[in-house]
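**Student:** Sharing query_14.cif, mmCIF, C-alpha atoms and all ligand atoms:
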data_protein
loop_
_atom_site.label_atom_id
_atom_site.label_comp_id
_atom_site.auth_asym_id
_atom_site.auth_seq_id
_atom_site.Cartn_x
_atom_site.Cartn_y
_atom_site.Cartn_z
CA MET A 20 -2.92 -55.29 -5.34
CA ASP A 21 -0.07 -52.82 -5.75
CA TRP A 22 1.68 -53.54 -2.46
CA ASP A 23 4.45 -50.99 -2.94
CA SER A 24 2.01 -48.10 -3.04
CA ALA A 25 0.05 -49.57 -0.10
CA PHE A 26 2.99 -49.45 2.30
CA ALA A 27 3.77 -46.48 4.58
CA SER A 28 6.70 -44.35 3.43
CA ARG A 29 8.89 -45.86 6.17
CA ALA A 30 8.70 -49.24 4.42
CA ARG A 31 10.90 -47.81 1.67
CA HIS A 32 13.64 -47.37 4.26
CA MET A 33 13.56 -51.00 5.35
CA GLN A 34 16.46 -52.60 3.59
CA SER A 35 17.10 -56.26 3.40
CA SER A 36 20.52 -57.10 4.78
CA GLU A 37 22.86 -57.94 1.93
CA ILE A 38 24.32 -60.58 4.17
CA ARG A 39 21.11 -62.38 5.00
CA GLU A 40 19.92 -62.27 1.40
CA PHE A 41 23.24 -63.63 0.45
CA LEU A 42 23.26 -66.47 2.97
CA LYS A 43 20.17 -67.83 1.25
CA ILE A 44 22.19 -68.25 -1.95
CA LEU A 45 25.02 -69.91 -0.12
CA GLN A 46 22.95 -72.70 1.34
CA ASP A 47 23.06 -74.77 -1.82
CA THR A 48 26.44 -74.00 -3.33
CA ASP A 49 29.99 -75.29 -2.94
CA VAL A 50 31.30 -71.79 -2.27
CA VAL A 51 33.71 -71.23 0.65
CA SER A 52 31.93 -68.60 2.64
CA PHE A 53 33.57 -65.90 4.71
CA ALA A 54 30.29 -63.98 4.45
CA GLY A 55 28.15 -65.02 7.41
CA GLY A 56 28.64 -63.42 10.81
CA ILE A 57 27.89 -66.72 12.44
CA PRO A 58 29.47 -68.87 15.14
CA ASP A 59 30.97 -72.29 14.53
CA ALA A 60 28.06 -74.68 15.11
CA THR A 61 30.45 -77.55 15.85
CA LEU A 62 31.25 -75.66 19.08
CA PHE A 63 27.66 -75.48 20.33
CA PRO A 64 27.45 -77.14 23.78
CA LEU A 65 24.91 -79.67 22.51
CA ASP A 66 25.04 -82.19 25.36
CA ASP A 67 24.39 -79.50 27.95
CA ILE A 68 21.61 -78.05 25.80
CA ARG A 69 19.91 -81.45 25.51
CA ASP A 70 20.12 -81.85 29.28
CA VAL A 71 18.71 -78.43 30.14
CA VAL A 72 15.88 -78.71 27.60
CA ALA A 73 14.88 -82.05 29.17
CA GLU A 74 15.16 -80.55 32.66
CA ALA A 75 13.05 -77.53 31.79
CA MET A 76 10.29 -79.84 30.54
CA ARG A 77 10.58 -82.66 33.10
CA ASN A 78 8.54 -81.17 35.90
CA ASP A 79 4.95 -80.19 35.05
CA ASP A 80 5.08 -76.84 36.86
CA ASP A 81 8.29 -75.78 35.10
CA ALA A 82 6.99 -77.01 31.75
CA ARG A 83 3.73 -75.07 32.18
CA MET A 84 5.63 -71.94 33.11
CA ALA A 85 7.98 -72.42 30.14
CA LEU A 86 5.02 -72.59 27.77
CA GLN A 87 2.74 -69.94 29.30
CA TYR A 88 2.52 -66.22 28.47
CA ALA A 89 4.88 -64.30 30.75
CA ALA A 90 6.16 -60.89 31.86
CA THR A 91 7.61 -58.70 29.13
CA GLU A 92 10.69 -57.79 31.18
CA GLY A 93 11.96 -61.37 31.18
CA TYR A 94 12.28 -64.59 33.18
CA GLY A 95 13.20 -63.55 36.76
CA PRO A 96 16.20 -65.87 37.33
CA LEU A 97 17.71 -64.86 33.98
CA ARG A 98 17.25 -61.13 34.67
CA GLN A 99 18.86 -61.69 38.04
CA TRP A 100 21.80 -63.58 36.47
CA ILE A 101 22.31 -60.79 33.91
CA ALA A 102 22.20 -58.11 36.64
CA GLU A 103 24.88 -60.01 38.59
CA TYR A 104 26.98 -60.46 35.44
CA MET A 105 26.75 -56.73 34.65
CA THR A 106 27.59 -55.90 38.28
CA ARG A 107 30.71 -58.11 38.11
CA ALA A 108 31.65 -56.28 34.89
CA GLY A 109 31.62 -52.90 36.68
CA VAL A 110 27.98 -51.95 36.05
CA PRO A 111 26.30 -52.31 39.46
CA CYS A 112 22.59 -52.80 38.87
CA ASP A 113 19.63 -54.98 39.74
CA GLU A 114 17.05 -56.81 37.70
CA ASP A 115 14.90 -53.69 37.22
CA ASN A 116 17.78 -52.38 35.10
CA VAL A 117 17.56 -55.37 32.75
CA LEU A 118 15.18 -56.16 29.90
CA VAL A 119 15.54 -59.57 28.25
CA THR A 120 15.19 -59.16 24.49
CA THR A 121 14.71 -61.47 21.52
CA GLY A 122 18.37 -61.25 20.55
CA SER A 123 20.26 -58.00 20.95
CA GLN A 124 18.99 -57.16 17.46
CA GLN A 125 15.61 -56.56 19.07
CA ALA A 126 17.19 -54.24 21.63
CA LEU A 127 18.52 -52.11 18.75
CA GLU A 128 15.12 -52.07 17.04
CA LEU A 129 13.35 -51.03 20.27
CA LEU A 130 15.87 -48.28 20.95
CA ALA A 131 15.54 -46.98 17.40
CA LYS A 132 11.77 -46.89 17.81
CA MET A 133 12.11 -45.05 21.13
CA PHE A 134 14.65 -42.43 20.08
CA LEU A 135 14.53 -41.76 16.34
CA GLY A 136 12.14 -39.85 14.14
CA PRO A 137 12.51 -38.84 10.48
CA GLY A 138 15.46 -36.46 10.01
CA ASP A 139 16.89 -36.98 13.50
CA THR A 140 20.64 -37.53 13.71
CA ALA A 141 22.30 -40.70 14.99
CA LEU A 142 26.06 -40.58 15.58
CA VAL A 143 27.34 -44.01 14.55
CA GLN A 144 30.73 -45.67 14.44
CA GLU A 145 32.19 -46.35 11.02
CA PRO A 146 32.37 -49.03 9.94
CA THR A 147 29.55 -50.39 12.05
CA PHE A 148 27.14 -53.28 12.48
CA LEU A 149 24.90 -53.59 9.46
CA GLY A 150 21.99 -54.87 11.58
CA ALA A 151 22.05 -51.62 13.57
CA LEU A 152 21.92 -49.55 10.38
CA GLN A 153 18.96 -51.68 9.29
CA ALA A 154 17.17 -51.24 12.62
CA PHE A 155 17.75 -47.48 12.62
CA GLY A 156 17.06 -47.02 8.89
CA ALA A 157 13.32 -47.66 9.10
CA TYR A 158 12.98 -44.60 11.38
CA GLN A 159 14.61 -42.44 8.69
CA PRO A 160 17.49 -40.82 10.55
CA ARG A 161 20.46 -39.03 9.06
CA TYR A 162 23.90 -40.10 10.18
CA GLN A 163 27.02 -38.52 11.49
CA THR A 164 29.93 -40.82 12.05
CA PHE A 165 32.88 -41.35 14.34
CA ARG A 166 35.87 -43.58 13.72
CA ASN A 167 37.59 -46.05 16.00
CA ASP A 168 40.48 -43.58 16.20
CA LEU A 169 38.60 -40.27 16.03
CA VAL A 170 35.50 -38.85 17.70
CA PRO A 171 34.35 -35.44 16.42
CA SER A 172 34.09 -32.65 18.98
CA ALA A 173 30.72 -31.92 20.56
CA GLU A 174 30.81 -28.54 18.82
CA ASP A 175 31.28 -30.15 15.38
CA VAL A 176 28.47 -32.62 16.00
CA ARG A 177 26.14 -29.89 17.20
CA THR A 178 26.94 -27.58 14.29
CA ASP A 179 26.48 -30.32 11.73
CA ALA A 180 23.09 -31.35 13.15
CA LEU A 181 21.96 -27.71 13.31
CA ARG A 182 23.02 -27.09 9.71
CA HIS A 183 20.64 -29.87 8.69
CA GLY A 184 17.84 -28.64 10.97
CA SER A 185 18.24 -31.90 12.86
CA THR A 186 18.59 -33.02 16.48
CA LEU A 187 21.18 -35.51 17.66
CA ARG A 188 19.37 -38.34 19.47
CA PHE A 189 22.07 -40.83 20.41
CA ALA A 190 25.45 -42.31 19.60
CA TYR A 191 25.82 -45.98 18.77
CA GLY A 192 28.95 -48.10 18.86
CA VAL A 193 30.36 -51.59 19.32
CA SER A 194 33.22 -51.17 21.76
CA ASP A 195 34.93 -54.56 21.56
CA PHE A 196 35.98 -56.50 18.43
CA CYS A 197 33.49 -54.69 16.25
CA ASN A 198 31.50 -56.34 13.50
CA PRO A 199 32.85 -55.81 10.79
CA SER A 200 36.39 -54.59 11.56
CA GLY A 201 37.28 -56.74 14.59
CA GLU A 202 38.75 -53.57 16.13
CA SER A 203 37.98 -52.14 19.56
CA LEU A 204 37.63 -48.61 20.86
CA SER A 205 40.71 -47.64 22.86
CA LEU A 206 40.22 -46.66 26.49
CA GLU A 207 41.12 -43.10 25.59
CA LEU A 208 38.51 -43.02 22.87
CA ARG A 209 35.84 -44.46 25.21
CA HIS A 210 36.54 -41.60 27.60
CA ARG A 211 36.51 -39.06 24.80
CA LEU A 212 33.21 -40.37 23.50
CA LEU A 213 31.67 -40.15 26.97
CA ASP A 214 33.05 -36.60 27.36
CA GLN A 215 31.52 -35.45 24.07
CA LEU A 216 28.18 -37.12 24.75
CA SER A 217 27.94 -35.68 28.23
CA GLU A 218 28.52 -32.23 26.73
CA LEU A 219 25.84 -32.93 24.13
CA GLY A 220 23.46 -34.48 26.68
CA VAL A 221 22.58 -37.54 24.60
CA PRO A 222 22.72 -41.27 25.38
CA LEU A 223 25.21 -43.83 24.12
CA ILE A 224 23.96 -47.20 22.91
CA GLU A 225 26.84 -49.55 23.61
CA ASP A 226 26.38 -52.80 21.70
CA ASN A 227 28.79 -55.41 22.96
CA PRO A 228 28.04 -59.00 21.94
CA TYR A 229 31.72 -59.92 21.45
CA GLN A 230 33.28 -58.71 24.69
CA GLU A 231 33.77 -62.24 26.06
CA LEU A 232 35.35 -63.49 22.84
CA TRP A 233 38.81 -62.05 23.53
CA PHE A 234 41.94 -63.94 22.48
CA ASP A 235 44.88 -62.33 24.21
CA ARG A 236 43.60 -60.27 27.12
CA SER A 237 40.20 -59.28 28.44
CA PRO A 238 38.98 -56.00 26.95
CA ASP A 239 39.07 -52.54 28.51
CA ARG A 240 36.19 -51.57 30.76
CA SER A 241 32.98 -51.02 28.86
CA CYS A 242 31.66 -47.49 28.32
CA ALA A 243 28.76 -48.52 30.60
CA ALA A 244 31.24 -49.27 33.42
CA LEU A 245 33.27 -46.10 32.79
CA ALA A 246 30.13 -43.98 32.82
CA ILE A 247 29.08 -45.39 36.19
CA SER A 248 32.52 -44.61 37.64
CA ARG A 249 31.96 -41.04 36.51
CA CYS A 250 28.38 -40.51 37.60
CA GLY A 251 28.04 -42.92 40.52
CA SER A 252 24.97 -44.94 39.59
CA ILE A 253 23.27 -46.63 36.67
CA GLU A 254 20.26 -44.39 37.24
CA LYS A 255 22.38 -41.38 36.27
CA SER A 256 24.28 -43.11 33.47
CA PRO A 257 23.67 -42.08 29.84
CA VAL A 258 24.74 -45.52 28.55
CA VAL A 259 22.33 -48.25 27.46
CA PHE A 260 24.26 -51.51 27.15
CA CYS A 261 23.12 -54.27 24.77
CA GLY A 262 24.38 -57.81 25.35
CA SER A 263 23.76 -61.18 23.76
CA PHE A 264 24.04 -64.92 24.35
CA SER A 265 24.21 -65.55 20.59
CA LYS A 266 27.97 -65.61 20.18
CA VAL A 267 28.85 -67.25 23.50
CA LEU A 268 26.14 -69.94 23.67
CA VAL A 269 23.87 -70.28 20.63
CA PRO A 270 22.20 -67.70 18.37
CA GLY A 271 19.11 -69.76 17.56
CA LEU A 272 17.46 -69.34 20.96
CA ARG A 273 17.39 -65.57 20.27
CA VAL A 274 18.14 -64.29 23.75
CA GLY A 275 19.86 -60.99 24.43
CA TRP A 276 19.40 -58.09 26.83
CA MET A 277 19.40 -54.37 27.38
CA CYS A 278 20.78 -52.88 30.60
CA GLY A 279 20.30 -49.27 31.64
CA ALA A 280 18.53 -46.82 33.94
CA ARG A 281 15.05 -47.91 35.05
CA GLY A 282 13.42 -45.14 33.02
CA VAL A 283 14.82 -46.43 29.74
CA ILE A 284 14.12 -50.09 30.62
CA ARG A 285 10.48 -49.28 31.49
CA GLN A 286 9.98 -47.51 28.16
CA ALA A 287 11.72 -50.31 26.25
CA ALA A 288 9.46 -52.88 27.95
CA MET A 289 6.42 -50.97 26.65
CA ALA A 290 7.91 -50.97 23.15
CA LYS A 291 8.68 -54.69 23.43
CA GLN A 292 5.16 -55.45 24.59
CA ALA A 293 3.87 -54.15 21.28
CA ALA A 294 6.52 -56.07 19.35
CA ASP A 295 6.33 -59.60 20.77
CA LEU A 296 4.93 -59.49 24.34
CA HIS A 297 7.97 -61.38 25.63
CA THR A 298 10.89 -63.53 24.59
CA PRO A 299 9.90 -67.24 24.73
CA VAL A 300 10.22 -68.37 28.35
CA LEU A 301 11.48 -71.82 27.40
CA ASN A 302 14.41 -70.21 25.58
CA GLN A 303 15.11 -67.96 28.55
CA MET A 304 15.03 -70.92 30.94
CA ILE A 305 17.46 -72.84 28.74
CA VAL A 306 19.80 -69.87 28.47
CA HIS A 307 19.62 -69.26 32.22
CA ARG A 308 20.61 -72.84 33.02
CA LEU A 309 23.43 -72.71 30.43
CA ALA A 310 24.64 -69.37 31.79
CA VAL A 311 24.86 -70.88 35.27
CA ARG A 312 26.46 -74.22 34.47
CA THR A 313 28.10 -74.07 31.03
CA LEU A 314 29.24 -70.58 30.14
CA GLU A 315 32.33 -70.33 32.32
CA ARG A 316 33.89 -73.56 31.07
CA HIS A 317 32.65 -73.03 27.49
CA LEU A 318 34.20 -69.58 26.96
CA PRO A 319 37.85 -70.73 27.06
CA LEU A 320 37.07 -73.33 24.36
CA LEU A 321 35.52 -70.68 22.12
CA ARG A 322 38.39 -68.25 22.68
CA GLU A 323 40.97 -70.85 21.84
CA ALA A 324 39.17 -72.19 18.76
CA TYR A 325 38.46 -68.73 17.32
CA ALA A 326 41.96 -67.45 18.09
CA ARG A 327 43.39 -70.39 16.16
CA LYS A 328 41.11 -69.69 13.20
CA ARG A 329 42.05 -66.00 13.33
CA ASP A 330 45.73 -66.98 13.15
CA ILE A 331 45.11 -69.30 10.21
CA MET A 332 43.26 -66.56 8.37
CA LEU A 333 45.90 -63.88 9.07
CA ASP A 334 48.70 -66.25 7.96
CA ALA A 335 46.76 -67.15 4.81
CA LEU A 336 46.15 -63.47 4.03
CA ALA A 337 49.85 -62.66 4.49
CA ALA A 338 50.74 -65.46 2.08
CA ALA A 339 48.10 -64.70 -0.56
CA MET A 340 47.32 -60.98 -0.74
CA PRO A 341 49.24 -58.65 -3.03
CA HIS A 342 51.07 -55.51 -2.01
CA GLY A 343 48.60 -52.68 -1.36
CA VAL A 344 46.00 -54.77 0.48
CA ARG A 345 45.69 -54.24 4.26
CA TRP A 346 43.64 -56.03 6.90
CA THR A 347 42.86 -55.63 10.57
CA ARG A 348 44.42 -57.89 13.23
CA PRO A 349 41.49 -58.55 15.56
CA ALA A 350 42.26 -59.40 19.19
CA GLY A 351 38.85 -61.08 19.55
CA GLY A 352 35.48 -61.55 17.86
CA LEU A 353 34.69 -63.16 14.53
CA PHE A 354 35.94 -60.85 11.76
CA THR A 355 38.78 -59.17 9.95
CA MET A 356 38.33 -56.39 7.43
CA LEU A 357 40.28 -55.98 4.21
CA THR A 358 41.10 -52.63 2.66
CA MET A 359 42.04 -52.98 -0.99
CA PRO A 360 43.51 -50.33 -3.30
CA LEU A 361 41.26 -47.34 -4.02
CA GLY A 362 39.25 -47.90 -7.16
CA LEU A 363 38.80 -51.61 -6.56
CA ASP A 364 35.09 -52.20 -6.01
CA ALA A 365 34.41 -55.06 -3.61
CA THR A 366 30.91 -55.67 -4.99
CA ASP A 367 32.35 -56.26 -8.49
CA LEU A 368 35.05 -58.38 -6.91
CA LEU A 369 32.42 -60.47 -5.11
CA ARG A 370 30.60 -61.20 -8.36
CA ARG A 371 33.84 -62.44 -9.94
CA SER A 372 34.87 -64.23 -6.78
CA LEU A 373 31.65 -66.25 -6.64
CA ARG A 374 32.05 -67.22 -10.28
CA GLU A 375 35.78 -67.80 -10.53
CA ALA A 376 37.23 -68.37 -7.05
CA ARG A 377 34.07 -69.83 -5.46
CA VAL A 378 34.63 -67.65 -2.41
CA ALA A 379 32.09 -65.38 -0.68
CA PHE A 380 32.63 -62.36 1.57
CA VAL A 381 30.65 -59.24 2.36
CA PRO A 382 31.52 -56.03 0.51
CA GLY A 383 32.36 -53.49 3.20
CA ARG A 384 30.19 -50.65 1.89
CA ALA A 385 27.19 -52.17 3.71
CA PHE A 386 28.83 -51.34 7.05
CA PHE A 387 29.29 -47.63 6.36
CA ALA A 388 26.39 -45.31 7.12
CA HIS A 389 27.16 -43.28 4.00
CA ARG A 390 27.72 -46.39 1.86
CA ASP A 391 31.25 -45.38 0.90
CA HIS A 392 34.53 -47.31 1.31
CA GLY A 393 33.64 -49.55 -1.62
CA ASN A 394 37.19 -50.98 -1.57
CA THR A 395 36.68 -52.80 1.75
CA ALA A 396 35.43 -56.30 2.54
CA ARG A 397 34.48 -58.20 5.70
CA LEU A 398 35.83 -61.70 6.20
CA ASN A 399 34.44 -64.03 8.87
CA PHE A 400 36.84 -66.58 10.31
CA SER A 401 34.67 -68.27 12.96
CA HIS A 402 32.40 -70.31 10.72
CA PRO A 403 34.54 -71.87 7.95
CA ASN A 404 36.72 -74.82 8.89
CA ARG A 405 40.49 -74.49 8.91
CA SER A 406 41.21 -76.02 5.51
CA ASP A 407 38.45 -73.94 3.91
CA ILE A 408 40.04 -70.82 5.42
CA GLN A 409 43.40 -71.72 3.87
CA ASP A 410 42.01 -72.76 0.47
CA GLY A 411 39.46 -69.96 0.29
CA ILE A 412 41.94 -67.21 1.15
CA ALA A 413 44.50 -68.63 -1.30
CA ARG A 414 41.87 -68.53 -4.08
CA LEU A 415 40.63 -65.06 -3.10
CA GLY A 416 44.22 -63.80 -2.86
CA ALA A 417 44.98 -65.06 -6.37
CA LEU A 418 41.92 -63.25 -7.74
CA VAL A 419 42.67 -60.00 -5.88
CA SER A 420 46.28 -60.18 -7.15
CA GLU A 421 44.99 -60.51 -10.71
CA VAL A 422 42.58 -57.58 -10.30
CA VAL A 423 45.21 -55.35 -8.65
CA ALA A 424 47.77 -56.23 -11.39
CA SER A 425 45.29 -55.37 -14.14
CA MET A 426 44.43 -52.05 -12.40
CA ARG A 427 48.16 -51.22 -12.36
CA THR A 428 48.58 -52.16 -16.00
CA SER A 429 45.68 -49.99 -17.11
CA ALA A 430 46.93 -47.09 -14.95
CA ALA A 431 50.47 -47.34 -16.47
C1 LIG B 1 27.50 -55.95 16.78
C2 LIG B 1 26.30 -56.83 16.80
N1 LIG B 1 25.24 -56.46 17.53
C3 LIG B 1 24.13 -57.21 17.59
C4 LIG B 1 24.05 -58.41 16.90
C5 LIG B 1 22.77 -59.17 16.97
O1 LIG B 1 22.93 -60.35 17.68
P1 LIG B 1 21.74 -61.15 18.30
O2 LIG B 1 20.46 -60.52 17.87
O3 LIG B 1 21.89 -62.54 17.79
O4 LIG B 1 21.91 -61.06 19.79
C6 LIG B 1 25.12 -58.83 16.11
C7 LIG B 1 25.04 -60.07 15.34
O5 LIG B 1 25.80 -60.37 14.46
C8 LIG B 1 26.29 -58.03 16.08
O6 LIG B 1 27.37 -58.37 15.36
#
Please lay out the structure from this file as structure tokens.
Ligand SMILES: Cc1ncc(COP(=O)(O)O)c(C=O)c1O
**Tutor:**
Amino acid sequence: MDWDSAFASRARHMQSSEIREFLKILQDTDVVSFAGGIPDATLFPLDDIRDVVAEAMRNDDDARMALQYAATEGYGPLRQWIAEYMTRAGVPCDEDNVLVTTGSQQALELLAKMFLGPGDTALVQEPTFLGALQAFGAYQPRYQTFRNDLVPSAEDVRTDALRHGSTLRFAYGVSDFCNPSGESLSLELRHRLLDQLSELGVPLIEDNPYQELWFDRSPDRSCAALAISRCGSIEKSPVVFCGSFSKVLVPGLRVGWMCGARGVIRQAAMAKQAADLHTPVLNQMIVHRLAVRTLERHLPLLREAYARKRDIMLDALAAAMPHGVRWTRPAGGLFTMLTMPLGLDATDLLRRSLREARVAFVPGRAFFAHRDHGNTARLNFSHPNRSDIQDGIARLGALVSEVVASMRTSAA
């Protein structure tokens, strides 16, 4: 069977994430990895998880409910908790405005399926979350981009889409401590983005799994909250907010959510029904109990631990990297992004780094819709332990210094 010719043309646009492919290789090597976008598993609240799993299964009625088919929209108490959480965060809503999803990755996939057709335009942040580009890619859009410090005017966006015979369908961005850069959209830029989108009449998908992982001060109000202040109610808001329990509790239970006007939630529930009927109820029950009893005291531990690792990484970078290499100084989240001298290709560097320095990272090109910026790299600081951060960055810095020096010699 020639499978490649049997697939629909959209299958050609489904790309495997470089990162996930890569993580497979890392499992059985001694490489120090800054590649995964994953939390520190030593911080998982295991005792609480053991307790709530036992509780959810102790009583026959609860256990039967946990293991039965269930409503697509989600487990009622969890939807209610999320609606209250969103309301506290400046997005007044009720549970009909919430769809529980199988990770926020699923929310992105459902939204892509709902909004994008071949040739449509998506306006995406650059750099941006690779998983979003993967989710969108299968629906064959073209991209326009905005930067953390610059949003194009509505007129420019419209003209560009028209020139390509295309229609702009939505904008997508991570407002706080973005994966991969660790940077946030300024309040001014959030307003500007909302202004442009309201002129263009298209929705904003605000993906915000890191907003609680702040180190110094809590982030600015989300675009979802700002939009409601402008238009008065979630039913009139153009923002669909995607949230996740992966980074603040555990990723393996795969529980996230989408919050927006009822019309978009109803349509997303239909799309989800075709995808997986519902997110496992047992997982939702566990997450609900953890959200109620664990989250508030767990968050300060995460913030402190990740802030310390960020500091160790930034100090190690300052000590090891040669002149001409820059990096972001994230105020939250899990990542920093390196920008190396133009002409240095991070994919080539990675090959050498795995061989010689035994250090892994993700070449930054994967996070750019147009696959440029080959001189950038994403470094994760949440997962490696402190001594690995110091040793790994020292070894990577020595290699980058050697590469930069040889580029200068051959240019001279
Ligand atoms: C910006 C962003 N959005 C969404 C996700 C998906 O998270 P999950 O599906 O685990 O909720 C990630 C995971 O790394 C992410 O960085």
**Student:** For Glu375 (chain A), list every protein, DNA or RNA residue within 9 Å, evaluated using all atoms listed in the file, and leave out those in the same chain fewer than 5 positions away; present the list as an MDAnalysis selection string.
**Tutor:** chainID A and resid 370 414 418
**Student:** Give me, as a ChimeraX atom specification, the set of residues whose atoms come within 9 Å of any atom of ligand LIG 1 (chain B), counting all atoms listed in the file.
**Tutor:** /A:55-57,120-127,147-151,192-199,226-229,261-266,269-276,353
**Student:** Could you tell me how far CA of Val381 (chain A) sits from CA of Ala54 (chain A), in Å to one decimal place?
**Tutor:**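 CA of Ala54 (chain A) sits 5.2 Å away from CA of Val381 (chain A).
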**Student:** For Asn399 (chain A), which residue out of A:Trp100, A:Glu114, A:Leu314, A:Arg329 is the nearest one, using all atoms listed in the file?
**Tutor:**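 Smallest separation from Asn399 (chain A) among the options: A:Arg329.
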**Student:** Excluding same-chain residues fewer than 4 positions from Ala339 (chain A), what lies within 12 Å of it counting only C-alpha atoms, as a PDB file with C-alpha atoms, keeping the file's coordinate frame?
**Tutor:**
ATOM      1  CA  MET A 332      43.260 -66.560   8.370  1.00  0.00           C
ATOM      2  CA  LEU A 333      45.900 -63.880   9.070  1.00  0.00           C
ATOM      3  CA  ASP A 334      48.700 -66.250   7.960  1.00  0.00           C
ATOM      4  CA  ALA A 335      46.760 -67.150   4.810  1.00  0.00           C
ATOM      5  CA  VAL A 344      46.000 -54.770   0.480  1.00  0.00           C
ATOM      6  CA  ARG A 345      45.690 -54.240   4.260  1.00  0.00           C
ATOM      7  CA  ILE A 408      40.040 -70.820   5.420  1.00  0.00           C
ATOM      8  CA  GLN A 409      43.400 -71.720   3.870  1.00  0.00           C
ATOM      9  CA  ASP A 410      42.010 -72.760   0.470  1.00  0.00           C
ATOM     10  CA  GLY A 411      39.460 -69.960   0.290  1.00  0.00           C
ATOM     11  CA  ILE A 412      41.940 -67.210   1.150  1.00  0.00           C
ATOM     12  CA  ALA A 413      44.500 -68.630  -1.300  1.00  0.00           C
ATOM     13  CA  ARG A 414      41.870 -68.530  -4.080  1.00  0.00           C
ATOM     14  CA  LEU A 415      40.630 -65.060  -3.100  1.00  0.00           C
ATOM     15  CA  GLY A 416      44.220 -63.800  -2.860  1.00  0.00           C
ATOM     16  CA  ALA A 417      44.980 -65.060  -6.370  1.00  0.00           C
ATOM     17  CA  LEU A 418      41.920 -63.250  -7.740  1.00  0.00           C
ATOM     18  CA  VAL A 419      42.670 -60.000  -5.880  1.00  0.00           C
ATOM     19  CA  SER A 420      46.280 -60.180  -7.150  1.00  0.00           C
ATOM     20  CA  GLU A 421      44.990 -60.510 -10.710  1.00  0.00           C
TER      21      GLU A 421
END
**Student:** When distances are computed from only C-alpha atoms, which of A:Ala324, A:Ala73, A:Ala190, A:Met356 shows the smallest separation from Glu202 (chain A)?
**Tutor:** A:Met356
